[in-house]
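Have a look at structure_38.cif below; it lists mmCIF, C-alpha atoms.
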data_run
#
loop_
_atom_site.label_atom_id
_atom_site.label_comp_id
_atom_site.auth_asym_id
_atom_site.auth_seq_id
_atom_site.Cartn_x
_atom_site.Cartn_y
_atom_site.Cartn_z
CA MET H 198 -164.18 43.31 -71.69
CA THR H 199 -165.82 45.96 -73.82
CA MET H 200 -167.59 43.41 -75.96
CA GLY H 201 -168.83 41.61 -72.89
CA PHE H 202 -170.12 44.83 -71.43
CA ILE H 203 -171.91 45.78 -74.66
CA THR H 204 -173.49 42.33 -74.92
CA THR H 205 -174.69 42.53 -71.32
CA TRP H 206 -176.13 45.97 -71.91
CA GLN H 207 -177.92 44.84 -75.08
CA PHE H 208 -179.26 41.76 -73.35
CA GLU H 209 -180.46 43.81 -70.39
CA SER H 210 -182.00 46.37 -72.67
CA SER H 211 -183.99 43.81 -74.64
CA PHE H 212 -184.98 42.03 -71.46
CA GLN H 213 -186.09 45.30 -70.02
CA LYS H 214 -188.19 46.07 -73.12
CA PHE H 215 -189.76 42.64 -72.94
CA TRP H 216 -190.53 43.04 -69.26
CA ARG H 217 -192.07 46.49 -69.72
CA ARG H 218 -194.23 45.27 -72.59
CA PHE H 219 -195.24 42.31 -70.48
CA CYS H 220 -196.18 44.61 -67.60
CA GLU H 221 -197.70 47.46 -69.51
CA ALA H 222 -199.33 45.83 -72.52
CA ASP H 223 -203.13 45.58 -72.71
CA ASN H 224 -204.18 46.47 -69.20
CA PRO H 225 -201.57 46.75 -66.45
CA GLY H 226 -204.21 47.04 -63.75
CA LYS H 227 -205.78 43.74 -64.74
CA LEU H 228 -202.39 42.10 -65.08
CA ASP H 229 -201.34 43.19 -61.61
CA LEU H 230 -204.61 42.03 -60.17
CA GLY H 231 -204.22 38.71 -61.95
CA ILE H 232 -200.71 38.21 -60.59
CA ALA H 233 -201.91 39.25 -57.15
CA LEU H 234 -204.83 36.84 -57.12
CA GLY H 235 -202.68 34.04 -58.51
CA PHE H 236 -200.10 34.40 -55.75
CA LEU H 237 -202.78 34.79 -53.12
CA LEU H 238 -204.56 31.61 -54.19
CA PHE H 239 -201.31 29.68 -54.41
CA PHE H 240 -200.16 30.72 -50.95
CA ALA H 241 -203.63 30.22 -49.49
CA TYR H 242 -203.68 26.70 -50.88
CA LYS H 243 -200.20 25.93 -49.57
CA ALA H 244 -200.89 27.33 -46.13
CA GLU H 245 -204.46 26.04 -45.86
CA VAL H 246 -205.61 29.57 -45.04
CA GLU H 247 -204.43 29.90 -41.46
CA ILE H 248 -205.18 33.34 -40.11
CA LEU H 249 -201.83 33.89 -38.42
CA LEU H 250 -199.92 32.66 -41.40
CA LEU H 251 -202.00 34.68 -43.80
CA LYS H 252 -200.69 37.94 -42.43
CA ARG H 253 -197.08 36.93 -43.08
CA ILE H 254 -197.97 35.59 -46.51
CA LEU H 255 -199.71 38.79 -47.44
CA TRP H 256 -196.67 40.83 -46.50
CA ARG H 257 -194.40 38.59 -48.57
CA PHE H 258 -196.81 38.76 -51.44
CA LEU H 259 -196.97 42.55 -51.35
CA LEU H 260 -193.18 42.76 -51.23
CA LEU H 261 -192.90 40.39 -54.18
CA CYS H 262 -195.43 42.43 -56.17
CA ALA H 263 -193.55 45.62 -55.44
CA VAL H 264 -190.21 44.08 -56.47
CA LEU H 265 -191.72 42.65 -59.66
CA ARG H 266 -193.32 45.96 -60.52
CA CYS H 267 -190.17 47.99 -59.84
CA MET H 268 -187.72 45.57 -61.47
CA PRO H 269 -187.83 46.94 -65.03
CA TYR H 270 -187.39 50.48 -63.81
CA MET H 271 -184.63 49.50 -61.40
CA THR H 272 -182.59 47.60 -63.97
CA GLY H 273 -183.20 50.25 -66.62
CA GLY H 274 -182.46 53.07 -64.23
CA LEU H 275 -179.27 51.54 -62.87
CA LEU H 276 -177.95 50.79 -66.33
CA ALA H 277 -178.94 54.20 -67.64
CA PHE H 278 -177.22 55.78 -64.64
CA TRP H 279 -174.08 53.76 -65.28
CA VAL H 280 -173.95 54.02 -69.05
CA SER H 281 -175.38 57.42 -70.01
CA GLY H 282 -175.16 59.29 -66.71
CA TYR H 283 -171.58 58.48 -65.79
CA GLY H 284 -170.07 57.37 -69.10
CA THR H 285 -166.88 59.07 -70.26
CA ASP H 286 -168.63 61.10 -72.98
CA ALA H 287 -171.30 62.39 -70.64
CA ARG H 288 -168.66 63.26 -68.03
CA ARG H 289 -166.62 65.15 -70.61
CA GLU H 290 -169.71 67.04 -71.76
CA ARG H 291 -170.59 67.91 -68.18
CA SER H 292 -167.10 69.10 -67.34
CA LYS H 293 -167.32 71.51 -70.26
CA SER H 294 -170.55 73.05 -69.09
CA SER H 295 -171.00 73.16 -65.33
CA VAL H 296 -168.54 73.42 -62.47
CA GLU H 297 -170.50 71.63 -59.80
CA PRO H 298 -172.20 68.29 -60.55
CA PRO H 299 -175.51 67.45 -58.84
CA PRO H 300 -175.41 65.08 -55.83
CA LYS H 301 -174.67 61.53 -56.91
CA ILE H 302 -177.16 59.81 -54.61
CA ALA H 303 -179.97 62.07 -55.80
CA ARG H 304 -179.07 61.36 -59.43
CA TRP H 305 -179.04 57.66 -58.69
CA LEU H 306 -182.46 57.88 -57.03
CA PHE H 307 -183.78 59.79 -60.02
CA CYS H 308 -182.57 57.07 -62.36
CA ILE H 309 -184.10 54.30 -60.24
CA VAL H 310 -187.47 55.96 -59.85
CA LEU H 311 -188.05 57.20 -63.39
CA SER H 312 -188.50 55.24 -66.59
CA GLU H 313 -186.10 55.65 -69.51
CA GLU H 314 -188.08 58.26 -71.44
CA GLN H 315 -188.69 60.24 -68.26
CA ILE H 316 -185.00 60.16 -67.35
CA ILE H 317 -184.20 62.06 -70.55
CA SER H 318 -186.57 64.96 -69.97
CA VAL H 319 -187.02 65.12 -66.18
CA VAL H 320 -183.38 64.56 -65.19
CA GLY H 321 -182.24 66.85 -67.98
CA ASP H 322 -184.49 69.61 -66.65
CA ALA H 323 -183.39 68.94 -63.08
CA GLU H 324 -179.71 69.18 -64.06
CA GLU H 325 -180.20 72.35 -66.04
CA GLY H 326 -182.13 73.81 -63.13
CA PHE H 327 -179.36 72.73 -60.77
CA SER H 328 -176.63 74.46 -62.76
CA ARG H 329 -178.72 77.65 -62.91
CA ARG H 330 -179.45 77.51 -59.18
CA VAL H 331 -175.79 77.02 -58.35
CA LYS H 332 -175.08 80.32 -60.07
CA ARG H 333 -178.03 82.04 -58.41
CA TYR H 334 -178.21 80.61 -54.86
CA GLY H 335 -174.98 78.69 -54.33
CA VAL H 336 -174.15 74.99 -54.15
CA LYS H 337 -175.76 74.16 -50.79
CA GLU H 338 -179.16 75.61 -51.63
CA ALA H 339 -179.07 74.14 -55.13
CA ARG H 340 -178.33 70.70 -53.69
CA SER H 341 -181.23 70.84 -51.25
CA LEU H 342 -183.55 71.96 -54.04
CA TYR H 343 -182.29 69.09 -56.19
CA TYR H 344 -183.17 66.63 -53.40
CA ARG H 345 -186.61 68.23 -53.21
CA ASP H 346 -186.96 67.56 -56.94
CA VAL H 347 -186.09 63.92 -56.36
CA ARG H 348 -188.76 63.62 -53.67
CA SER H 349 -191.36 65.18 -55.94
CA ALA H 350 -190.30 62.88 -58.81
CA VAL H 351 -190.88 59.88 -56.53
CA ARG H 352 -194.38 61.15 -55.76
CA PHE H 353 -194.97 61.79 -59.49
CA ARG H 354 -193.89 58.23 -60.30
CA ILE H 355 -196.12 56.74 -57.59
CA ARG H 356 -199.10 58.71 -58.93
CA VAL H 357 -198.43 57.37 -62.45
CA TRP H 358 -198.23 53.79 -61.10
CA ILE H 359 -201.47 54.16 -59.18
CA ARG H 360 -203.25 55.66 -62.17
CA ARG H 361 -202.06 52.89 -64.46
CA CYS H 362 -203.13 50.22 -62.00
CA PHE H 363 -206.65 51.58 -61.61
CA SER H 364 -207.31 52.80 -65.18
CA MET A 272 -206.01 61.95 -78.00
CA THR A 273 -207.43 61.32 -74.58
CA ARG A 274 -210.21 63.55 -73.32
CA GLY A 275 -210.98 64.44 -69.73
CA LYS A 276 -213.58 62.31 -67.99
CA GLY A 277 -217.09 63.64 -67.52
CA ARG A 278 -216.69 66.26 -70.23
CA LYS A 279 -219.37 66.99 -72.78
CA GLN A 280 -218.47 67.48 -76.42
CA ASN A 281 -217.78 71.06 -77.60
CA GLN A 282 -217.28 72.11 -73.99
CA PRO A 283 -213.85 73.46 -73.04
CA ALA A 284 -211.86 71.52 -70.45
CA ARG A 285 -211.91 72.68 -66.85
CA LEU A 286 -208.58 73.89 -65.60
CA GLY A 287 -206.95 73.90 -62.19
CA ASP A 288 -204.81 76.82 -61.03
CA LEU A 289 -201.47 75.29 -61.93
CA GLU A 290 -202.82 73.92 -65.21
CA GLU A 291 -203.89 77.41 -66.18
CA TYR A 292 -200.52 78.89 -65.24
CA VAL A 293 -198.68 76.21 -67.19
CA LEU A 294 -200.80 76.81 -70.29
CA LEU A 295 -200.20 80.55 -70.05
CA ALA A 296 -196.45 79.99 -69.61
CA ILE A 297 -196.37 77.76 -72.69
CA LEU A 298 -198.23 80.44 -74.65
CA ASN A 299 -195.79 83.06 -73.45
CA LEU A 300 -192.60 81.08 -74.12
CA LYS A 301 -193.68 79.86 -77.58
CA GLU A 302 -190.79 77.89 -79.16
CA GLU A 303 -188.73 77.96 -75.97
CA ALA A 304 -191.32 76.17 -73.83
CA TYR A 305 -189.67 73.21 -72.12
CA GLY A 306 -189.50 72.02 -68.50
CA THR A 307 -186.80 74.34 -67.12
CA THR A 308 -187.97 77.55 -68.81
CA ILE A 309 -191.61 76.94 -67.88
CA ARG A 310 -190.61 76.22 -64.30
CA GLU A 311 -188.43 79.31 -64.04
CA LEU A 312 -191.12 81.56 -65.46
CA LEU A 313 -193.72 80.14 -63.08
CA GLU A 314 -191.40 80.50 -60.08
CA GLU A 315 -190.59 84.05 -61.06
CA VAL A 316 -194.20 85.11 -61.59
CA THR A 317 -195.92 83.20 -58.77
CA GLY A 318 -193.07 83.73 -56.31
CA ARG A 319 -193.15 80.17 -55.00
CA PRO A 320 -190.90 77.19 -55.74
CA ILE A 321 -192.39 74.55 -58.02
CA ALA A 322 -191.16 70.97 -57.72
CA ILE A 323 -190.34 69.14 -60.91
CA GLY A 324 -192.68 66.24 -60.12
CA VAL A 325 -195.62 68.58 -59.67
CA LEU A 326 -194.83 70.21 -63.00
CA TYR A 327 -194.53 66.94 -64.87
CA THR A 328 -197.75 65.63 -63.30
CA THR A 329 -199.46 68.75 -64.68
CA PHE A 330 -197.88 68.26 -68.13
CA ASP A 331 -199.04 64.67 -68.07
CA ARG A 332 -202.59 65.67 -67.13
CA LEU A 333 -202.78 68.43 -69.75
CA GLU A 334 -201.49 66.08 -72.42
CA ARG A 335 -204.10 63.48 -71.49
CA LYS A 336 -206.79 66.13 -71.77
CA GLY A 337 -205.48 67.01 -75.23
CA LEU A 338 -204.66 70.60 -74.34
CA ILE A 339 -200.93 70.43 -75.08
CA ARG A 340 -198.58 68.31 -77.16
CA SER A 341 -194.92 67.49 -76.57
CA TRP A 342 -191.92 66.32 -78.57
CA GLN A 343 -188.23 65.61 -77.99
CA GLY A 344 -185.82 68.39 -78.93
CA GLU A 345 -182.08 68.61 -79.16
CA ALA A 346 -179.60 67.70 -76.41
CA THR A 347 -177.36 70.31 -74.81
CA PRO A 348 -174.16 69.95 -72.74
CA VAL A 349 -175.74 71.86 -69.82
CA ARG A 350 -178.21 69.02 -69.42
CA GLY A 351 -175.54 66.32 -69.43
CA GLY A 352 -176.26 65.52 -73.08
CA ARG A 353 -179.96 64.87 -72.48
CA ALA A 354 -182.69 65.97 -74.89
CA LYS A 355 -185.27 68.61 -74.05
CA ARG A 356 -188.99 67.89 -74.11
CA TYR A 357 -190.72 70.81 -75.72
CA PHE A 358 -194.38 71.69 -75.23
CA ALA A 359 -196.88 73.51 -77.42
CA ILE A 360 -200.45 74.46 -76.76
CA GLU A 361 -203.26 72.90 -78.82
CA ALA A 362 -206.39 74.69 -80.05
CA GLU A 363 -208.35 73.07 -77.22
CA GLY A 364 -205.91 74.56 -74.72
CA VAL A 365 -206.51 78.04 -76.10
CA LEU A 366 -210.27 77.44 -75.89
CA ALA A 367 -209.95 76.36 -72.26
CA LEU A 368 -207.95 79.50 -71.42
CA GLU A 369 -210.50 81.67 -73.18
CA ALA A 370 -213.29 80.01 -71.20
CA VAL A 371 -211.46 80.74 -67.92
CA ALA A 372 -210.86 84.35 -68.91
CA GLU A 373 -214.49 84.79 -69.88
CA MET A 374 -215.68 83.23 -66.63
CA ARG A 375 -213.47 85.59 -64.63
CA HIS A 376 -214.72 88.56 -66.61
CA ARG A 377 -218.31 87.55 -65.97
CA LEU A 378 -217.65 87.11 -62.26
CA ALA A 379 -216.00 90.49 -61.80
CA PRO A 380 -216.20 92.66 -64.93
CA ASP A 381 -215.14 95.90 -63.24
CA PHE A 382 -212.12 94.31 -61.64
CA ALA A 383 -211.03 92.77 -64.93
CA LEU A 384 -211.33 96.17 -66.62
CA GLU A 385 -209.24 97.82 -63.91
CA VAL A 386 -206.48 95.25 -64.27
CA ARG A 387 -206.37 95.75 -68.04
#
Now that the file is in, can you turn its structure into structure tokens?
Amino acid sequence: MTMGFITTWQFESSFQKFWRRFCEADNPGKLDLGIALGFLLFFAYKAEVEILLLKRILWRFLLLCAVLRCMPYMTGGLLAFWVSGYGTDARRERSKSSVEPPPKIARWLFCIVLSEEQIISVVGDAEEGFSRRVKRYGVKEARSLYYRDVRSAVRFRIRVWIRRCFS
Amino acid sequence: MTRGKGRKQNQPARLGDLEEYVLLAILNLKEEAYGTTIRELLEEVTGRPIAIGVLYTTFDRLERKGLIRSWQGEATPVRGGRAKRYFAIEAEGVLALEAVAEMRHRLAPDFALEVR
């Protein structure tokens, strides 16, 4: 069971690295545009460019692009959340330090939205800030501020995506 | 090192409000300048909450301009075993701050003297 889990994690990790390099090598903006045009031409050819159909195709295409673009972060984030965020060692460390853990859904969102290197610094800062705010303002206020951090991290991530696509 | 767009050589980078505050906070905190401490200092001094995304966008921008540098530090149990990302100001960052201070002094010299 353990071996299987480790193998899966290693496979996912290498796949994730490959996918990120594939997406972010040379010029991600050009790559995205290339993928976009490729799909558009393919669907246009298949559908013989019917106006009504084009709308539906465009929506599907945009959805596909979004899923493809988010996939490495989603897989990486989910695995990082599972392995490092909620592993036994991390849980033990956390139980030593703080009484109240941050909201699980917010943590999960953080891990999905951010890339691996950002998870380390941004989530670490958010958790440290959370434990300090619990002491200062109480759990409820600290939780709402933590959710605000998640929202701002989403905006931060979107800005980075946009900049990479157009640079 | 990436430089800001539309900037001539030997000319200090232009700074936004938050960028200036962040640079000053890093200068003030010295070896203890990482996300949480910078954020706390800024919140304490400015009196308004600062979201983590806004802060990291600013770090990102300053690093691209070559005004600060960052590196991974040690992990602590308070952070769930995650490493800190420390920041330090570069010489260009100090130059940019000096340019801002000089500009302010030129705009209102008497006021600047009163504050000092």
Got a sec: who's within 12 Å of Trp342 (chain A), counting only C-alpha atoms, leaving out chain neighbours fewer than 3 positions off, as a PDB file with C-alpha atoms, in the coordinates of the input?
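Writing done, so here's part27.pdb:
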ATOM      1  CA  GLU H 314    -188.080  58.260 -71.440  1.00  0.00           C
ATOM      2  CA  ILE H 317    -184.200  62.060 -70.550  1.00  0.00           C
ATOM      3  CA  SER H 318    -186.570  64.960 -69.970  1.00  0.00           C
TER       4      SER H 318
ATOM      5  CA  GLU A 302    -190.790  77.890 -79.160  1.00  0.00           C
ATOM      6  CA  ALA A 304    -191.320  76.170 -73.830  1.00  0.00           C
ATOM      7  CA  TYR A 305    -189.670  73.210 -72.120  1.00  0.00           C
ATOM      8  CA  GLY A 306    -189.500  72.020 -68.500  1.00  0.00           C
ATOM      9  CA  GLU A 334    -201.490  66.080 -72.420  1.00  0.00           C
ATOM     10  CA  ILE A 339    -200.930  70.430 -75.080  1.00  0.00           C
ATOM     11  CA  GLU A 345    -182.080  68.610 -79.160  1.00  0.00           C
ATOM     12  CA  ALA A 354    -182.690  65.970 -74.890  1.00  0.00           C
ATOM     13  CA  LYS A 355    -185.270  68.610 -74.050  1.00  0.00           C
ATOM     14  CA  ARG A 356    -188.990  67.890 -74.110  1.00  0.00           C
ATOM     15  CA  TYR A 357    -190.720  70.810 -75.720  1.00  0.00           C
ATOM     16  CA  PHE A 358    -194.380  71.690 -75.230  1.00  0.00           C
ATOM     17  CA  ALA A 359    -196.880  73.510 -77.420  1.00  0.00           C
ATOM     18  CA  ILE A 360    -200.450  74.460 -76.760  1.00  0.00           C
TER      19      ILE A 360
END
Practice task
Taking only C-alpha atoms into account, report as a VMD selection string which residues of chain A lie within 7 Å of chain H.
Solution key: chain A and resid 306 to 307 322 to 325 328 348 to 356
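If you look at CA of Leu289 (chain A) and CA of Val310 (chain H), they are 24.0 Å away from each other.
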